[in-house]
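Source file: run.txt. Holds: compact mmCIF, N, CA and C atoms.
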```txt
# COMPACT_ATOMS: atom_id res chain seq x y z
N MET W 1 -2.86 13.29 -16.07
CA MET W 1 -1.92 14.38 -15.89
C MET W 1 -2.12 15.40 -17.01
N TYR W 2 -1.95 16.64 -16.64
CA TYR W 2 -2.03 17.72 -17.63
C TYR W 2 -0.61 18.19 -17.90
N ARG W 3 -0.16 17.99 -19.13
CA ARG W 3 1.19 18.38 -19.50
C ARG W 3 1.08 19.52 -20.51
N PHE W 4 1.80 20.61 -20.25
CA PHE W 4 1.73 21.76 -21.15
C PHE W 4 2.94 22.65 -20.93
N GLN W 5 3.10 23.60 -21.82
CA GLN W 5 4.16 24.60 -21.70
C GLN W 5 3.48 25.93 -21.38
N ASP W 6 3.95 26.59 -20.31
CA ASP W 6 3.31 27.85 -19.93
C ASP W 6 3.84 29.01 -20.78
N LEU W 7 3.33 30.18 -20.53
CA LEU W 7 3.68 31.35 -21.35
C LEU W 7 5.15 31.72 -21.27
N SER W 8 5.84 31.35 -20.18
CA SER W 8 7.27 31.65 -20.06
C SER W 8 8.14 30.52 -20.61
N GLY W 9 7.52 29.49 -21.18
CA GLY W 9 8.27 28.40 -21.79
C GLY W 9 8.57 27.23 -20.89
N ARG W 10 8.12 27.28 -19.63
CA ARG W 10 8.35 26.15 -18.73
C ARG W 10 7.43 25.00 -19.09
N LYS W 11 7.96 23.78 -19.01
CA LYS W 11 7.14 22.59 -19.23
C LYS W 11 6.61 22.15 -17.87
N LEU W 12 5.29 22.05 -17.75
CA LEU W 12 4.64 21.72 -16.49
C LEU W 12 3.79 20.47 -16.63
N VAL W 13 3.67 19.73 -15.54
CA VAL W 13 2.76 18.59 -15.44
C VAL W 13 1.99 18.76 -14.14
N LEU W 14 0.65 18.76 -14.24
CA LEU W 14 -0.20 18.93 -13.07
C LEU W 14 -1.09 17.71 -12.91
N ARG W 15 -1.31 17.29 -11.68
CA ARG W 15 -2.16 16.12 -11.44
C ARG W 15 -3.59 16.56 -11.13
N PRO W 16 -4.57 15.87 -11.73
CA PRO W 16 -5.96 16.25 -11.54
C PRO W 16 -6.60 15.65 -10.28
N GLU W 17 -6.09 14.53 -9.80
CA GLU W 17 -6.63 13.88 -8.61
C GLU W 17 -5.71 12.73 -8.22
N GLY W 18 -5.90 12.16 -7.03
CA GLY W 18 -4.95 11.18 -6.51
C GLY W 18 -5.27 9.72 -6.77
N THR W 19 -6.54 9.36 -6.86
CA THR W 19 -6.92 7.95 -6.95
C THR W 19 -6.31 7.26 -8.18
N ALA W 20 -6.37 7.91 -9.33
CA ALA W 20 -5.87 7.28 -10.56
C ALA W 20 -4.40 6.90 -10.44
N GLY W 21 -3.59 7.76 -9.85
CA GLY W 21 -2.17 7.45 -9.69
C GLY W 21 -1.93 6.27 -8.76
N VAL W 22 -2.70 6.17 -7.71
CA VAL W 22 -2.57 5.05 -6.78
C VAL W 22 -2.96 3.74 -7.47
N VAL W 23 -4.06 3.75 -8.21
CA VAL W 23 -4.50 2.54 -8.91
C VAL W 23 -3.50 2.16 -10.00
N ARG W 24 -2.98 3.15 -10.72
CA ARG W 24 -1.98 2.87 -11.77
C ARG W 24 -0.75 2.21 -11.16
N MET W 25 -0.27 2.70 -10.01
CA MET W 25 0.88 2.10 -9.35
C MET W 25 0.56 0.67 -8.90
N PHE W 26 -0.62 0.47 -8.35
CA PHE W 26 -1.05 -0.85 -7.90
C PHE W 26 -1.01 -1.86 -9.05
N ILE W 27 -1.48 -1.45 -10.21
CA ILE W 27 -1.50 -2.34 -11.39
C ILE W 27 -0.10 -2.53 -11.96
N GLU W 28 0.64 -1.44 -12.17
CA GLU W 28 1.97 -1.53 -12.80
C GLU W 28 2.98 -2.29 -11.94
N LYS W 29 2.84 -2.22 -10.64
CA LYS W 29 3.76 -2.94 -9.74
C LYS W 29 3.25 -4.33 -9.38
N ALA W 30 2.16 -4.76 -10.04
CA ALA W 30 1.58 -6.09 -9.84
C ALA W 30 1.32 -6.38 -8.37
N MET W 31 0.81 -5.41 -7.66
CA MET W 31 0.57 -5.57 -6.23
C MET W 31 -0.61 -6.49 -5.93
N ALA W 32 -1.46 -6.73 -6.91
CA ALA W 32 -2.60 -7.63 -6.70
C ALA W 32 -2.13 -9.07 -6.48
N SER W 33 -0.92 -9.39 -6.91
CA SER W 33 -0.41 -10.75 -6.74
C SER W 33 0.32 -10.91 -5.40
N THR W 34 0.36 -9.87 -4.60
CA THR W 34 1.00 -9.95 -3.29
C THR W 34 -0.09 -10.01 -2.20
N THR W 35 0.33 -9.96 -0.96
CA THR W 35 -0.63 -10.00 0.15
C THR W 35 -1.56 -8.80 0.09
N LEU W 36 -2.86 -9.08 0.17
CA LEU W 36 -3.87 -8.03 0.11
C LEU W 36 -4.60 -7.97 1.44
N PRO W 37 -5.22 -6.89 1.78
CA PRO W 37 -5.37 -5.65 1.02
C PRO W 37 -4.13 -4.77 1.14
N LYS W 38 -4.05 -3.80 0.25
CA LYS W 38 -3.01 -2.77 0.28
C LYS W 38 -3.69 -1.46 0.62
N LYS W 39 -3.10 -0.69 1.51
CA LYS W 39 -3.68 0.57 1.94
C LYS W 39 -2.72 1.71 1.59
N PHE W 40 -3.29 2.78 1.04
CA PHE W 40 -2.51 3.94 0.62
C PHE W 40 -3.22 5.22 1.04
N TYR W 41 -2.45 6.27 1.15
CA TYR W 41 -3.05 7.59 1.34
C TYR W 41 -2.25 8.61 0.54
N TYR W 42 -2.86 9.73 0.24
CA TYR W 42 -2.18 10.81 -0.47
C TYR W 42 -2.79 12.13 -0.03
N CYS W 43 -2.01 13.16 -0.15
CA CYS W 43 -2.45 14.49 0.21
C CYS W 43 -1.60 15.47 -0.58
N GLY W 44 -2.25 16.46 -1.15
CA GLY W 44 -1.46 17.46 -1.86
C GLY W 44 -2.28 18.27 -2.82
N PRO W 45 -1.63 19.20 -3.49
CA PRO W 45 -2.33 20.06 -4.43
C PRO W 45 -2.70 19.31 -5.71
N MET W 46 -3.90 19.56 -6.18
CA MET W 46 -4.41 19.01 -7.44
C MET W 46 -4.87 20.20 -8.29
N PHE W 47 -5.09 19.94 -9.57
CA PHE W 47 -5.42 21.04 -10.47
C PHE W 47 -6.53 20.64 -11.43
N ARG W 48 -7.41 21.59 -11.71
CA ARG W 48 -8.46 21.41 -12.71
C ARG W 48 -7.98 22.00 -14.02
N TYR W 49 -8.21 21.29 -15.10
CA TYR W 49 -7.84 21.78 -16.42
C TYR W 49 -8.90 22.73 -16.96
N GLU W 50 -10.15 22.31 -16.82
CA GLU W 50 -11.25 23.10 -17.36
C GLU W 50 -11.48 24.34 -16.50
N LYS W 51 -12.26 25.27 -17.03
CA LYS W 51 -12.59 26.48 -16.27
C LYS W 51 -13.41 26.05 -15.04
N PRO W 52 -12.96 26.44 -13.84
CA PRO W 52 -13.68 26.02 -12.64
C PRO W 52 -15.08 26.62 -12.56
N GLN W 53 -15.98 25.86 -11.96
CA GLN W 53 -17.33 26.36 -11.72
C GLN W 53 -17.27 27.45 -10.66
N LYS W 54 -18.35 28.20 -10.54
CA LYS W 54 -18.43 29.27 -9.55
C LYS W 54 -18.16 28.70 -8.15
N GLY W 55 -17.29 29.35 -7.42
CA GLY W 55 -16.97 28.92 -6.07
C GLY W 55 -15.84 27.90 -5.99
N ARG W 56 -15.32 27.48 -7.13
CA ARG W 56 -14.21 26.52 -7.13
C ARG W 56 -12.95 27.20 -7.66
N LEU W 57 -11.81 26.65 -7.28
CA LEU W 57 -10.53 27.19 -7.73
C LEU W 57 -9.86 26.20 -8.68
N ARG W 58 -8.97 26.71 -9.50
CA ARG W 58 -8.24 25.83 -10.42
C ARG W 58 -7.33 24.89 -9.63
N GLN W 59 -6.69 25.41 -8.58
CA GLN W 59 -5.88 24.56 -7.70
C GLN W 59 -6.68 24.28 -6.44
N PHE W 60 -6.64 23.02 -5.99
CA PHE W 60 -7.31 22.63 -4.76
C PHE W 60 -6.48 21.55 -4.08
N TYR W 61 -6.76 21.27 -2.83
CA TYR W 61 -6.03 20.25 -2.09
C TYR W 61 -6.94 19.06 -1.85
N GLN W 62 -6.38 17.88 -2.01
CA GLN W 62 -7.15 16.66 -1.84
C GLN W 62 -6.41 15.72 -0.90
N LEU W 63 -7.16 15.11 -0.02
CA LEU W 63 -6.65 14.07 0.86
C LEU W 63 -7.45 12.82 0.53
N GLY W 64 -6.78 11.73 0.30
CA GLY W 64 -7.48 10.50 -0.03
C GLY W 64 -6.88 9.30 0.65
N VAL W 65 -7.73 8.32 0.89
CA VAL W 65 -7.31 7.05 1.48
C VAL W 65 -7.88 5.95 0.60
N GLU W 66 -7.04 5.01 0.20
CA GLU W 66 -7.46 3.91 -0.67
C GLU W 66 -7.16 2.59 0.02
N ASN W 67 -8.10 1.66 -0.10
CA ASN W 67 -7.93 0.31 0.43
C ASN W 67 -8.23 -0.63 -0.73
N LEU W 68 -7.21 -1.16 -1.35
CA LEU W 68 -7.37 -1.97 -2.56
C LEU W 68 -7.21 -3.46 -2.27
N GLY W 69 -8.13 -4.25 -2.80
CA GLY W 69 -8.03 -5.70 -2.69
C GLY W 69 -8.78 -6.31 -1.53
N SER W 70 -9.69 -5.58 -0.94
CA SER W 70 -10.46 -6.12 0.18
C SER W 70 -11.94 -6.17 -0.18
N LYS W 71 -12.58 -7.29 0.13
CA LYS W 71 -14.02 -7.42 -0.06
C LYS W 71 -14.75 -7.34 1.27
N ASP W 72 -14.00 -7.11 2.33
CA ASP W 72 -14.54 -7.10 3.68
C ASP W 72 -15.26 -5.79 3.98
N VAL W 73 -16.45 -5.87 4.51
CA VAL W 73 -17.23 -4.68 4.86
C VAL W 73 -16.51 -3.85 5.93
N PHE W 74 -15.68 -4.46 6.73
CA PHE W 74 -14.97 -3.73 7.77
C PHE W 74 -13.94 -2.76 7.18
N SER W 75 -13.51 -2.99 5.96
CA SER W 75 -12.63 -2.04 5.28
C SER W 75 -13.36 -0.72 5.04
N ASP W 76 -14.62 -0.81 4.65
CA ASP W 76 -15.43 0.39 4.45
C ASP W 76 -15.64 1.11 5.78
N ILE W 77 -15.90 0.35 6.82
CA ILE W 77 -16.09 0.93 8.15
C ILE W 77 -14.81 1.64 8.60
N GLU W 78 -13.67 1.03 8.33
CA GLU W 78 -12.39 1.63 8.70
C GLU W 78 -12.20 2.98 7.99
N LEU W 79 -12.51 3.05 6.69
CA LEU W 79 -12.35 4.29 5.95
C LEU W 79 -13.31 5.37 6.45
N ILE W 80 -14.54 4.99 6.75
CA ILE W 80 -15.51 5.94 7.29
C ILE W 80 -15.05 6.46 8.65
N THR W 81 -14.50 5.57 9.47
CA THR W 81 -13.99 5.97 10.78
C THR W 81 -12.82 6.93 10.65
N ILE W 82 -11.93 6.65 9.71
CA ILE W 82 -10.80 7.56 9.46
C ILE W 82 -11.31 8.95 9.07
N ALA W 83 -12.29 8.99 8.15
CA ALA W 83 -12.84 10.28 7.70
C ALA W 83 -13.51 11.01 8.86
N ASP W 84 -14.28 10.29 9.66
CA ASP W 84 -14.98 10.91 10.79
C ASP W 84 -13.99 11.45 11.82
N THR W 85 -12.98 10.67 12.13
CA THR W 85 -11.95 11.10 13.09
C THR W 85 -11.24 12.35 12.59
N LEU W 86 -10.90 12.37 11.31
CA LEU W 86 -10.24 13.54 10.73
C LEU W 86 -11.13 14.77 10.82
N MET W 87 -12.39 14.62 10.44
CA MET W 87 -13.31 15.76 10.47
C MET W 87 -13.51 16.26 11.90
N GLN W 88 -13.59 15.36 12.86
CA GLN W 88 -13.74 15.77 14.25
C GLN W 88 -12.49 16.49 14.76
N SER W 89 -11.32 15.99 14.35
CA SER W 89 -10.08 16.62 14.82
C SER W 89 -9.91 18.01 14.19
N LEU W 90 -10.50 18.22 13.01
CA LEU W 90 -10.46 19.54 12.38
C LEU W 90 -11.57 20.45 12.90
N LYS W 91 -12.41 19.89 13.77
CA LYS W 91 -13.53 20.61 14.37
C LYS W 91 -14.49 21.18 13.32
N THR W 92 -14.78 20.36 12.32
CA THR W 92 -15.75 20.78 11.31
C THR W 92 -17.16 20.59 11.84
N LYS W 93 -18.08 21.33 11.28
CA LYS W 93 -19.48 21.19 11.67
C LYS W 93 -20.03 19.91 11.07
N LYS W 94 -20.94 19.25 11.76
CA LYS W 94 -21.51 17.99 11.28
C LYS W 94 -22.15 18.13 9.90
N ASP W 95 -22.80 19.28 9.62
CA ASP W 95 -23.46 19.42 8.33
C ASP W 95 -22.47 19.60 7.19
N PHE W 96 -21.17 19.76 7.52
CA PHE W 96 -20.14 19.90 6.49
C PHE W 96 -19.96 18.60 5.72
N TYR W 97 -20.19 17.48 6.38
CA TYR W 97 -20.00 16.18 5.73
C TYR W 97 -21.20 15.29 5.98
N LYS W 98 -22.32 15.69 5.42
CA LYS W 98 -23.58 14.97 5.60
C LYS W 98 -23.55 13.56 5.02
N VAL W 99 -22.65 13.30 4.08
CA VAL W 99 -22.57 11.99 3.45
C VAL W 99 -22.31 10.91 4.48
N LEU W 100 -21.51 11.22 5.49
CA LEU W 100 -21.17 10.23 6.51
C LEU W 100 -22.33 10.09 7.47
```
In structure tokens, write the structure found in this file.
Amino acid sequence: MYRFQDLSGRKLVLRPEGTAGVVRMFIEKAMASTTLPKKFYYCGPMFRYEKPQKGRLRQFYQLGVENLGSKDVFSDIELITIADTLMQSLKTKKDFYKVL
């Protein structure tokens, strides 16, 4: 988290990304000792502290899905399927997400 006081004196806290918060909650709430796997998702504005590279903005939106506590290969397949379904529903071009 980035905590600072802006020029007008407001105290602000900005989150840089979603995964760390999900993992921190998983550990602090001792969820590893309960039934696994645990599945989480998050979506919202995130912020970069450093000066953004060309073509990037200081504020950006991130959507993430986490599956914690599973060693099963089908968990990876499930996450890839979720990403593919989302990209298809948004009607993105295939070359937009070549990783999949």
Subject >> Between atom C of Gln62 in chain W and atom N of Glu17 in chain W, distance in Å (one decimal) >> reply: 9.0 Å
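Coordinates place CA of Tyr2 in chain W at a distance of 16.2 Å from atom N of Arg24 in chain W.
One finds atom N of Glu28 in chain W at 17.7 Å from atom C of Met1 in chain W.
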**OP:** Determine which residues of chain W DSSP labels as alpha helix (DSSP H) from the backbone of this structure, then write them out as a list in words.
**Re:** Thr19, Ala20, Gly21, Val22, Val23, Arg24, Met25, Phe26, Ile27, Glu28, Val73, Phe74, Ser75, Asp76, Ile77, Glu78, Leu79, Ile80, Thr81, Ile82, Ala83, Asp84, Thr85, Leu86, Met87, Gln88 and Ser89 of chain W
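Of the residues in chain W, those that DSSP places in strand (DSSP E or B) on the basis of the backbone are W:Tyr2, W:Arg3, W:Phe4, W:Gln5, W:Lys11, W:Leu12, W:Val13, W:Leu14, W:Lys38, W:Lys39, W:Phe40, W:Tyr41, W:Tyr42, W:Cys43, W:Gly44, W:Pro45, W:Met46, W:Phe47, W:Gln59, W:Phe60, W:Tyr61, W:Gln62, W:Leu63, W:Gly64, W:Val65, W:Glu66, W:Asn67, W:Leu68.
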**OP:** For Lys39 in chain W, please output as a PyMOL selection string all residues within 7 Å (counting only C-alpha atoms; exclusion window: fewer than 3 positions along the same chain).
**Re:** chain W and resi 66-68
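Distance annotation: of W:Lys71, W:Lys38, W:Lys51, W:Lys91, the residue with the minimal separation from Phe26 in chain W is W:Lys38; atom set is only C-alpha atoms.
The residue that comes closest to Phe4 in chain W, out of W:Tyr42, W:Gln88, W:Ser33, W:Tyr49 and on the basis of only C-alpha atoms, is W:Tyr49.
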What's the 12 Å shell around Leu57 in chain W, counting only C-alpha atoms, without same-chain residues fewer than 6 positions away, as a PDB file with N, CA and C atoms, in the coordinates of the input?
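Output saved as selection_19.pdb:
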```pdb
ATOM      1  N   PRO W  45      -1.630  19.200  -3.490  1.00  0.00           N
ATOM      2  CA  PRO W  45      -2.330  20.060  -4.430  1.00  0.00           C
ATOM      3  C   PRO W  45      -2.700  19.310  -5.710  1.00  0.00           C
ATOM      4  N   MET W  46      -3.900  19.560  -6.180  1.00  0.00           N
ATOM      5  CA  MET W  46      -4.410  19.010  -7.440  1.00  0.00           C
ATOM      6  C   MET W  46      -4.870  20.200  -8.290  1.00  0.00           C
ATOM      7  N   PHE W  47      -5.090  19.940  -9.570  1.00  0.00           N
ATOM      8  CA  PHE W  47      -5.420  21.040 -10.470  1.00  0.00           C
ATOM      9  C   PHE W  47      -6.530  20.640 -11.430  1.00  0.00           C
ATOM     10  N   ARG W  48      -7.410  21.590 -11.710  1.00  0.00           N
ATOM     11  CA  ARG W  48      -8.460  21.410 -12.710  1.00  0.00           C
ATOM     12  C   ARG W  48      -7.980  22.000 -14.020  1.00  0.00           C
ATOM     13  N   TYR W  49      -8.210  21.290 -15.100  1.00  0.00           N
ATOM     14  CA  TYR W  49      -7.840  21.780 -16.420  1.00  0.00           C
ATOM     15  C   TYR W  49      -8.900  22.730 -16.960  1.00  0.00           C
ATOM     16  N   GLU W  50     -10.150  22.310 -16.820  1.00  0.00           N
ATOM     17  CA  GLU W  50     -11.250  23.100 -17.360  1.00  0.00           C
ATOM     18  C   GLU W  50     -11.480  24.340 -16.500  1.00  0.00           C
ATOM     19  N   LYS W  51     -12.260  25.270 -17.030  1.00  0.00           N
ATOM     20  CA  LYS W  51     -12.590  26.480 -16.270  1.00  0.00           C
ATOM     21  C   LYS W  51     -13.410  26.050 -15.040  1.00  0.00           C
TER      22      LYS W  51
END
```
